[in-house]
Amino acid sequence: MKNYLNAIIGLFVIGLLVSCNDDKRSRELQYFPDMYVAVPYEAYSEHEVFSRKMEAQHAPEGTIARGEHVYDYPNSEQGYQAAKAELKSPLEVNDTNEAKGKELYTMYCAVCHGKKGDGKGVLVQREKFLGVPNYKDRDITEGSIYHVLMYGRNMMGSHSSQLTYDERWQVVQHVETLRNELLK
């Protein structure tokens, strides 16, 4: 028993001495080489892994993202005039939509258009932008406001990436309210 215990202790000491040396050893055998050295694939490349020639992460043509809606009016003067004449808000006119529209208008629009829609926002007062229109001086409709939010017009850029479908219509509702107050 004593010899057996001495043999185990001896092997343990030899193992410590061998494993604690300073020379760098390299691994000679890799059991799963793909785990040690990953094979990089270029996205959308024609490689045997992508044998079906599928385009990763591209939606099929003609599909619409969940929560989005089709907007068929082109970014042109004809599209603007058509939206102005035809497009109507699908949202109910109520206090909830008006409150949300006011909140969004204050966040995105008031810096240029002013809190009252008079074209005297902070950036106009500081002369960063000039010529921002007063809503009472413009012949605008729900459709024309929505079209401008979608594509932008003149110096104003598009806000379609910042606002969802419903949020754009809520801002339209608030702009209509501001315009009616200015016309009084």
# chains A, B, ... in the order shown; residues from 1 in each chain; ligands from 1
$ residues_around --residues "His113 (chain A)" --least-positions-apart "6" --cutoff "8 Å" --atoms "only C-alpha atoms" --output "VMD selection string"
chain A and resid 119 to 121 132 to 134
$ closest_residue --among "A:Leu182, A:Ile140, A:Ala7, A:Ile14" --to "Gln81 (chain A)" --atoms "only C-alpha atoms"
A:Ile140
$ atom_distance --atom1 "CA of Asn154 (chain A)" --atom2 "CA of Lys116 (chain A)"
20.9 Å
$ residues_around --residues "Gly114 (chain A)" --least-positions-apart "5" --cutoff "12 Å" --atoms "only C-alpha atoms" --output "PyMOL selection string"
chain A and resi 102+105-109+119-125+132-135+175+178-179
$ residues_around --residues "Tyr73 (chain A)" --least-positions-apart "2" --cutoff "10 Å" --atoms "only C-alpha atoms" --output "ChimeraX atom specification"
/A:70-71,75-76,78-83,87,147,150-151
$ atom_distance --atom1 "CA of Glu92 (chain A)" --atom2 "CA of Glu167 (chain A)"
12.7 Å
$ atom_distance --atom1 "CA of Asp118 (chain A)" --atom2 "CA of Lys136 (chain A)"
7.7 Å
$ residues_around --residues "Val148 (chain A)" --least-positions-apart "4" --cutoff "9 Å" --atoms "only C-alpha atoms" --output "list in words"
Tyr80, Gly143, Ser144, Gly152, Arg153, Met156, Gly157, Ser158 and His159 of chain A
$ residues_around --residues "region 94-99 of chain A" --least-positions-apart "4" --cutoff "7 Å" --atoms "only C-alpha atoms" --output "PyMOL selection string"
chain A and resi 103+170+173-174
$ write_last_selection --atoms "C-alpha atoms" --output "mmCIF file, in the first residue's frame"
data_model
loop_
_atom_site.group_PDB
_atom_site.id
_atom_site.type_symbol
_atom_site.label_atom_id
_atom_site.label_comp_id
_atom_site.auth_asym_id
_atom_site.auth_seq_id
_atom_site.Cartn_x
_atom_site.Cartn_y
_atom_site.Cartn_z
ATOM 1 C CA GLU A 103 -46.165 65.484 -28.228
ATOM 2 C CA GLN A 170 -51.244 61.880 -35.344
ATOM 3 C CA GLN A 173 -54.043 65.750 -36.917
ATOM 4 C CA HIS A 174 -52.171 68.188 -34.667
#
